[in-house]
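See below for model-v5.pdb, which holds PDB, C-alpha atoms.
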```pdb
ATOM      1  CA  MET A 118      87.223 236.844  23.796  1.00  0.00           C
ATOM      2  CA  ARG A 119      90.211 234.853  22.518  1.00  0.00           C
ATOM      3  CA  VAL A 120      92.184 235.907  25.591  1.00  0.00           C
ATOM      4  CA  LEU A 121      89.495 234.526  27.917  1.00  0.00           C
ATOM      5  CA  LEU A 122      89.309 231.252  26.000  1.00  0.00           C
ATOM      6  CA  SER A 123      93.090 230.917  26.014  1.00  0.00           C
ATOM      7  CA  ALA A 124      93.240 231.562  29.758  1.00  0.00           C
ATOM      8  CA  ALA A 125      90.468 229.013  30.417  1.00  0.00           C
ATOM      9  CA  LEU A 126      92.257 226.411  28.267  1.00  0.00           C
ATOM     10  CA  LEU A 127      95.541 227.075  30.057  1.00  0.00           C
ATOM     11  CA  LEU A 128      93.931 226.665  33.485  1.00  0.00           C
ATOM     12  CA  ALA A 129      92.147 223.489  32.405  1.00  0.00           C
ATOM     13  CA  THR A 130      95.349 221.858  31.146  1.00  0.00           C
ATOM     14  CA  ALA A 131      97.353 223.001  34.186  1.00  0.00           C
ATOM     15  CA  GLY A 132      94.796 221.279  36.412  1.00  0.00           C
ATOM     16  CA  CYS A 133      95.588 217.971  34.695  1.00  0.00           C
ATOM     17  CA  ALA A 134      99.316 218.204  35.399  1.00  0.00           C
ATOM     18  CA  ASP A 135     100.891 215.254  37.200  1.00  0.00           C
ATOM     19  CA  THR A 136     103.299 217.254  39.346  1.00  0.00           C
ATOM     20  CA  ILE A 137     102.634 218.802  42.724  1.00  0.00           C
ATOM     21  CA  TRP A 138     103.377 222.483  43.008  1.00  0.00           C
ATOM     22  CA  PRO A 139     105.102 223.886  44.938  1.00  0.00           C
ATOM     23  CA  PRO A 140     107.821 221.248  45.355  1.00  0.00           C
ATOM     24  CA  HIS A 141     107.883 219.273  48.631  1.00  0.00           C
ATOM     25  CA  TRP A 142     110.983 221.130  49.859  1.00  0.00           C
ATOM     26  CA  VAL A 143     109.018 224.397  49.840  1.00  0.00           C
ATOM     27  CA  TRP A 144     105.731 223.118  51.231  1.00  0.00           C
ATOM     28  CA  THR A 145     104.218 219.675  51.536  1.00  0.00           C
ATOM     29  CA  PRO A 146     100.457 219.237  51.605  1.00  0.00           C
ATOM     30  CA  SER A 147      99.249 217.086  54.504  1.00  0.00           C
ATOM     31  CA  TRP A 148      97.809 214.491  52.114  1.00  0.00           C
ATOM     32  CA  VAL A 149     101.179 213.795  50.458  1.00  0.00           C
ATOM     33  CA  SER A 150     103.103 211.010  52.207  1.00  0.00           C
ATOM     34  CA  HIS A 151     106.753 210.511  51.377  1.00  0.00           C
ATOM     35  CA  PRO A 152     109.406 208.709  53.395  1.00  0.00           C
ATOM     36  CA  GLY A 153     111.792 210.480  55.710  1.00  0.00           C
ATOM     37  CA  GLN A 154     115.461 209.793  56.099  1.00  0.00           C
ATOM     38  CA  LEU A 155     118.020 209.457  58.889  1.00  0.00           C
ATOM     39  CA  THR A 156     121.696 210.193  58.341  1.00  0.00           C
ATOM     40  CA  LEU A 157     123.591 208.615  61.227  1.00  0.00           C
ATOM     41  CA  SER A 158     127.228 209.657  61.787  1.00  0.00           C
ATOM     42  CA  ASN A 159     129.994 208.338  64.031  1.00  0.00           C
ATOM     43  CA  TYR A 160     132.521 210.871  65.339  1.00  0.00           C
ATOM     44  CA  ARG A 161     133.043 209.159  68.677  1.00  0.00           C
ATOM     45  CA  PHE A 162     133.967 205.469  68.328  1.00  0.00           C
ATOM     46  CA  THR A 163     136.658 203.658  66.348  1.00  0.00           C
ATOM     47  CA  MET A 164     134.052 201.222  65.027  1.00  0.00           C
ATOM     48  CA  ALA A 165     130.400 200.922  66.019  1.00  0.00           C
ATOM     49  CA  ASN A 166     127.989 198.043  65.476  1.00  0.00           C
ATOM     50  CA  VAL A 167     124.561 199.549  64.887  1.00  0.00           C
ATOM     51  CA  GLU A 168     121.115 198.001  64.650  1.00  0.00           C
ATOM     52  CA  ALA A 169     118.126 199.904  63.198  1.00  0.00           C
ATOM     53  CA  VAL A 170     114.387 199.247  62.807  1.00  0.00           C
ATOM     54  CA  MET A 171     111.428 201.081  61.303  1.00  0.00           C
ATOM     55  CA  ALA A 172     108.833 201.754  64.017  1.00  0.00           C
ATOM     56  CA  THR A 173     105.290 203.124  63.936  1.00  0.00           C
ATOM     57  CA  GLY A 174     104.259 202.615  67.577  1.00  0.00           C
ATOM     58  CA  PRO A 175     105.227 204.546  70.699  1.00  0.00           C
ATOM     59  CA  ASP A 176     108.108 202.196  71.462  1.00  0.00           C
ATOM     60  CA  CYS A 177     110.777 201.039  69.036  1.00  0.00           C
ATOM     61  CA  ALA A 178     109.136 197.739  68.200  1.00  0.00           C
ATOM     62  CA  PRO A 179     109.469 197.012  64.470  1.00  0.00           C
ATOM     63  CA  ALA A 180     106.591 198.265  62.329  1.00  0.00           C
ATOM     64  CA  ASP A 181     106.505 194.890  60.586  1.00  0.00           C
ATOM     65  CA  PRO A 182     107.539 192.030  62.928  1.00  0.00           C
ATOM     66  CA  SER A 183     108.494 189.848  59.952  1.00  0.00           C
ATOM     67  CA  ALA A 184     110.916 192.497  58.644  1.00  0.00           C
ATOM     68  CA  PRO A 185     114.495 191.960  59.793  1.00  0.00           C
ATOM     69  CA  THR A 186     116.422 194.654  61.586  1.00  0.00           C
ATOM     70  CA  THR A 187     119.103 196.481  59.658  1.00  0.00           C
ATOM     71  CA  ALA A 188     122.575 195.820  61.085  1.00  0.00           C
ATOM     72  CA  PHE A 189     125.708 197.609  59.939  1.00  0.00           C
ATOM     73  CA  GLU A 190     129.154 198.715  61.088  1.00  0.00           C
ATOM     74  CA  LEU A 191     129.858 202.420  61.214  1.00  0.00           C
ATOM     75  CA  PRO A 192     133.559 203.392  61.197  1.00  0.00           C
ATOM     76  CA  PHE A 193     134.962 206.526  62.799  1.00  0.00           C
ATOM     77  CA  LYS A 194     133.970 209.601  60.743  1.00  0.00           C
ATOM     78  CA  GLY A 195     131.579 207.440  58.759  1.00  0.00           C
ATOM     79  CA  SER A 196     127.916 208.058  57.948  1.00  0.00           C
ATOM     80  CA  HIS A 197     125.056 205.764  57.022  1.00  0.00           C
ATOM     81  CA  VAL A 198     121.764 206.847  55.438  1.00  0.00           C
ATOM     82  CA  LEU A 199     118.571 205.022  56.411  1.00  0.00           C
ATOM     83  CA  VAL A 200     115.461 205.746  54.346  1.00  0.00           C
ATOM     84  CA  ALA A 201     112.378 205.295  56.484  1.00  0.00           C
ATOM     85  CA  ALA A 202     109.298 203.429  55.415  1.00  0.00           C
ATOM     86  CA  PRO A 203     106.378 205.808  54.770  1.00  0.00           C
ATOM     87  CA  ASN A 204     104.770 206.951  58.043  1.00  0.00           C
ATOM     88  CA  ALA A 205     107.477 205.225  60.134  1.00  0.00           C
ATOM     89  CA  ASP A 206     110.228 206.489  62.401  1.00  0.00           C
ATOM     90  CA  VAL A 207     113.770 205.083  62.469  1.00  0.00           C
ATOM     91  CA  CYS A 208     115.032 203.653  65.757  1.00  0.00           C
ATOM     92  CA  TRP A 209     118.652 202.692  66.269  1.00  0.00           C
ATOM     93  CA  ARG A 210     120.974 201.411  68.982  1.00  0.00           C
ATOM     94  CA  ARG A 211     124.698 200.745  69.328  1.00  0.00           C
ATOM     95  CA  GLN A 212     126.469 197.715  70.710  1.00  0.00           C
ATOM     96  CA  ARG A 213     128.680 198.746  73.638  1.00  0.00           C
ATOM     97  CA  ALA A 214     132.193 197.417  74.330  1.00  0.00           C
ATOM     98  CA  ASP A 215     130.802 194.913  76.889  1.00  0.00           C
ATOM     99  CA  GLY A 216     128.575 193.356  74.168  1.00  0.00           C
ATOM    100  CA  GLN A 217     125.319 194.790  75.549  1.00  0.00           C
ATOM    101  CA  TRP A 218     123.082 196.976  73.397  1.00  0.00           C
ATOM    102  CA  SER A 219     122.429 200.610  74.304  1.00  0.00           C
ATOM    103  CA  GLU A 220     118.929 201.975  74.742  1.00  0.00           C
ATOM    104  CA  TRP A 221     116.956 202.697  71.559  1.00  0.00           C
ATOM    105  CA  ASN A 222     117.223 206.168  70.025  1.00  0.00           C
ATOM    106  CA  ARG A 223     114.438 207.437  67.812  1.00  0.00           C
ATOM    107  CA  ALA A 224     114.537 209.745  64.774  1.00  0.00           C
ATOM    108  CA  PHE A 225     111.086 211.168  64.043  1.00  0.00           C
ATOM    109  CA  THR A 226     110.973 210.647  60.280  1.00  0.00           C
ATOM    110  CA  ALA A 227     107.302 209.624  59.906  1.00  0.00           C
ATOM    111  CA  SER A 228     106.304 213.088  58.691  1.00  0.00           C
ATOM    112  CA  GLY A 229     108.852 212.918  55.854  1.00  0.00           C
ATOM    113  CA  ARG A 230     111.583 214.821  57.726  1.00  0.00           C
ATOM    114  CA  TYR A 231     115.270 214.400  56.998  1.00  0.00           C
ATOM    115  CA  VAL A 232     117.090 213.951  60.309  1.00  0.00           C
ATOM    116  CA  GLU A 233     120.821 213.993  61.042  1.00  0.00           C
ATOM    117  CA  ALA A 234     122.087 212.330  64.232  1.00  0.00           C
ATOM    118  CA  GLN A 235     125.355 211.223  65.800  1.00  0.00           C
ATOM    119  CA  LEU A 236     126.188 208.159  67.872  1.00  0.00           C
TER
END
```
How does this structure look as structure tokens?
Amino acid sequence: MRVLLSAALLLATAGCADTIWPPHWVWTPSWVSHPGQLTLSNYRFTMANVEAVMATGPDCAPADPSAPTTAFELPFKGSHVLVAAPNADVCWRRQRADGQWSEWNRAFTASGRYVEAQL
């Protein structure tokens, strides 16, 4: 009888735990939303001017129009990590030598994925 009571008490206290098991890197329940991440690397250009936005729609329009774009320089053999807003993808583009911007590229990070990409 003590064994049954101990097991019931153990199960009751385990149900009150604050952690999610198994960890998100093993399996993530569909109701858990955590941000994804893009690691962008440059192995092609001496220096690259990059602009990035968080997007939730089908195009790369910013998820929040009042939020500024993220602009940064990426040197040769350099990497930059962009943490996505929850449920948003990361879009980025590079400024070409003629001063024009390239087309938008999209990293699908809305599901919480960690994506690695190169310019």
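Ranking A:Asp215, A:Pro152, A:Asn166, A:Trp221 by their shortest atom-to-atom distance to Phe189 of chain A, with all atoms listed in the file included, puts A:Asn166 first.
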Pick out the closest residue to Cys177 of chain A from this set: A:Ala205, A:Ser228, A:Ser158, A:Gln217. Count only C-alpha atoms.
A:Ala205
For atom CA of Met164 of chain A and atom CA of Ala227 of chain A, quote the distance in Å rounded to one decimal.
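Going from atom CA of Met164 of chain A over to atom CA of Ala227 of chain A, I get 28.5 Å.
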Under the PyMOL selection byres ((chain A and resi 196) around 12), which residues of this model are included? Write them out as a PDB file with C-alpha atoms, in the coordinates of the input.
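Result saved to result-v3.pdb:
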```
ATOM      1  CA  LEU A 155     118.020 209.457  58.889  1.00  0.00           C
ATOM      2  CA  THR A 156     121.696 210.193  58.341  1.00  0.00           C
ATOM      3  CA  LEU A 157     123.591 208.615  61.227  1.00  0.00           C
ATOM      4  CA  SER A 158     127.228 209.657  61.787  1.00  0.00           C
ATOM      5  CA  ASN A 159     129.994 208.338  64.031  1.00  0.00           C
ATOM      6  CA  TYR A 160     132.521 210.871  65.339  1.00  0.00           C
ATOM      7  CA  ARG A 161     133.043 209.159  68.677  1.00  0.00           C
ATOM      8  CA  MET A 164     134.052 201.222  65.027  1.00  0.00           C
ATOM      9  CA  ALA A 165     130.400 200.922  66.019  1.00  0.00           C
ATOM     10  CA  VAL A 167     124.561 199.549  64.887  1.00  0.00           C
ATOM     11  CA  PHE A 189     125.708 197.609  59.939  1.00  0.00           C
ATOM     12  CA  GLU A 190     129.154 198.715  61.088  1.00  0.00           C
ATOM     13  CA  LEU A 191     129.858 202.420  61.214  1.00  0.00           C
ATOM     14  CA  PRO A 192     133.559 203.392  61.197  1.00  0.00           C
ATOM     15  CA  PHE A 193     134.962 206.526  62.799  1.00  0.00           C
ATOM     16  CA  LYS A 194     133.970 209.601  60.743  1.00  0.00           C
ATOM     17  CA  GLY A 195     131.579 207.440  58.759  1.00  0.00           C
ATOM     18  CA  HIS A 197     125.056 205.764  57.022  1.00  0.00           C
ATOM     19  CA  VAL A 198     121.764 206.847  55.438  1.00  0.00           C
ATOM     20  CA  LEU A 199     118.571 205.022  56.411  1.00  0.00           C
ATOM     21  CA  GLU A 233     120.821 213.993  61.042  1.00  0.00           C
ATOM     22  CA  ALA A 234     122.087 212.330  64.232  1.00  0.00           C
ATOM     23  CA  GLN A 235     125.355 211.223  65.800  1.00  0.00           C
ATOM     24  CA  LEU A 236     126.188 208.159  67.872  1.00  0.00           C
TER      25      LEU A 236
END
```
Atom CA of Asp176 of chain A to atom CA of Ala202 of chain A, distance in Å rounded to a single decimal
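Computed distance, atom CA of Asp176 of chain A to atom CA of Ala202 of chain A, equals 16.1 Å.
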Have a look at atom CA of Thr186 of chain A and atom CA of Ser219 of chain A and let me know their distance in Å, one decimal.
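Distance between the two atoms: 15.3 Å.
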Take segment 146-176 of chain A, bring it up to N, CA and C atoms, and give me the output as an mmCIF file, in the coordinates of the input.
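selection-v1.cif was written with the following content:
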```cif
data_model
loop_
_atom_site.group_PDB
_atom_site.id
_atom_site.type_symbol
_atom_site.label_atom_id
_atom_site.label_comp_id
_atom_site.auth_asym_id
_atom_site.auth_seq_id
_atom_site.Cartn_x
_atom_site.Cartn_y
_atom_site.Cartn_z
ATOM 1 N N PRO A 146 101.839 219.377 51.152
ATOM 2 C CA PRO A 146 100.457 219.237 51.605
ATOM 3 C C PRO A 146 100.330 218.057 52.561
ATOM 4 N N SER A 147 99.392 218.125 53.497
ATOM 5 C CA SER A 147 99.249 217.086 54.504
ATOM 6 C C SER A 147 98.849 215.745 53.899
ATOM 7 N N TRP A 148 98.256 215.734 52.720
ATOM 8 C CA TRP A 148 97.809 214.491 52.114
ATOM 9 C C TRP A 148 98.908 213.791 51.331
ATOM 10 N N VAL A 149 100.061 214.409 51.167
ATOM 11 C CA VAL A 149 101.179 213.795 50.458
ATOM 12 C C VAL A 149 102.056 213.083 51.484
ATOM 13 N N SER A 150 102.284 211.793 51.287
ATOM 14 C CA SER A 150 103.103 211.010 52.207
ATOM 15 C C SER A 150 104.355 210.540 51.481
ATOM 16 N N HIS A 151 105.501 210.995 51.938
ATOM 17 C CA HIS A 151 106.753 210.511 51.377
ATOM 18 C C HIS A 151 107.678 210.151 52.527
ATOM 19 N N PRO A 152 108.577 209.202 52.303
ATOM 20 C CA PRO A 152 109.406 208.709 53.395
ATOM 21 C C PRO A 152 110.426 209.734 53.863
ATOM 22 N N GLY A 153 110.734 209.656 55.144
ATOM 23 C CA GLY A 153 111.792 210.480 55.710
ATOM 24 C C GLY A 153 113.119 209.762 55.605
ATOM 25 N N GLN A 154 114.119 210.349 56.213
ATOM 26 C CA GLN A 154 115.461 209.793 56.099
ATOM 27 C C GLN A 154 116.272 210.145 57.329
ATOM 28 N N LEU A 155 117.090 209.221 57.779
ATOM 29 C CA LEU A 155 118.020 209.457 58.889
ATOM 30 C C LEU A 155 119.431 209.304 58.366
ATOM 31 N N THR A 156 120.272 210.301 58.619
ATOM 32 C CA THR A 156 121.696 210.193 58.341
ATOM 33 C C THR A 156 122.390 210.074 59.688
ATOM 34 N N LEU A 157 122.956 208.911 59.950
ATOM 35 C CA LEU A 157 123.591 208.615 61.227
ATOM 36 C C LEU A 157 125.101 208.681 61.050
ATOM 37 N N SER A 158 125.782 209.464 61.896
ATOM 38 C CA SER A 158 127.228 209.657 61.787
ATOM 39 C C SER A 158 127.926 209.200 63.061
ATOM 40 N N ASN A 159 129.182 208.798 62.915
ATOM 41 C CA ASN A 159 129.994 208.338 64.031
ATOM 42 C C ASN A 159 131.261 209.184 64.119
ATOM 43 N N TYR A 160 131.319 210.063 65.093
ATOM 44 C CA TYR A 160 132.521 210.871 65.339
ATOM 45 C C TYR A 160 133.080 210.581 66.728
ATOM 46 N N ARG A 161 132.692 209.431 67.290
ATOM 47 C CA ARG A 161 133.043 209.159 68.677
ATOM 48 C C ARG A 161 133.768 207.837 68.882
ATOM 49 N N PHE A 162 133.439 206.805 68.109
ATOM 50 C CA PHE A 162 133.967 205.469 68.328
ATOM 51 C C PHE A 162 134.812 205.024 67.141
ATOM 52 N N THR A 163 135.809 204.173 67.416
ATOM 53 C CA THR A 163 136.658 203.658 66.348
ATOM 54 C C THR A 163 135.830 202.870 65.340
ATOM 55 N N MET A 164 134.973 201.991 65.854
ATOM 56 C CA MET A 164 134.052 201.222 65.027
ATOM 57 C C MET A 164 132.813 200.971 65.874
ATOM 58 N N ALA A 165 131.648 201.121 65.278
ATOM 59 C CA ALA A 165 130.400 200.922 66.019
ATOM 60 C C ALA A 165 129.508 199.945 65.276
ATOM 61 N N ASN A 166 129.011 198.949 66.003
ATOM 62 C CA ASN A 166 127.989 198.043 65.476
ATOM 63 C C ASN A 166 126.641 198.671 65.770
ATOM 64 N N VAL A 167 125.836 198.851 64.751
ATOM 65 C CA VAL A 167 124.561 199.549 64.887
ATOM 66 C C VAL A 167 123.441 198.644 64.384
ATOM 67 N N GLU A 168 122.317 198.716 65.054
ATOM 68 C CA GLU A 168 121.115 198.001 64.650
ATOM 69 C C GLU A 168 120.001 199.024 64.507
ATOM 70 N N ALA A 169 119.205 198.935 63.443
ATOM 71 C CA ALA A 169 118.126 199.904 63.198
ATOM 72 C C ALA A 169 116.846 199.176 62.801
ATOM 73 N N VAL A 170 115.708 199.775 63.183
ATOM 74 C CA VAL A 170 114.387 199.247 62.807
ATOM 75 C C VAL A 170 113.483 200.413 62.419
ATOM 76 N N MET A 171 112.470 200.115 61.625
ATOM 77 C CA MET A 171 111.428 201.081 61.303
ATOM 78 C C MET A 171 110.290 200.850 62.296
ATOM 79 N N ALA A 172 109.849 201.899 62.977
ATOM 80 C CA ALA A 172 108.833 201.754 64.017
ATOM 81 C C ALA A 172 107.685 202.723 63.781
ATOM 82 N N THR A 173 106.465 202.262 64.054
ATOM 83 C CA THR A 173 105.290 203.124 63.936
ATOM 84 C C THR A 173 104.613 203.342 65.277
ATOM 85 N N GLY A 174 104.890 202.502 66.257
ATOM 86 C CA GLY A 174 104.259 202.615 67.577
ATOM 87 C C GLY A 174 105.038 203.525 68.496
ATOM 88 N N PRO A 175 104.567 203.657 69.741
ATOM 89 C CA PRO A 175 105.227 204.546 70.699
ATOM 90 C C PRO A 175 106.591 204.028 71.164
ATOM 91 N N ASP A 176 106.789 202.718 71.120
ATOM 92 C CA ASP A 176 108.108 202.196 71.462
ATOM 93 C C ASP A 176 108.835 201.867 70.161
#
```
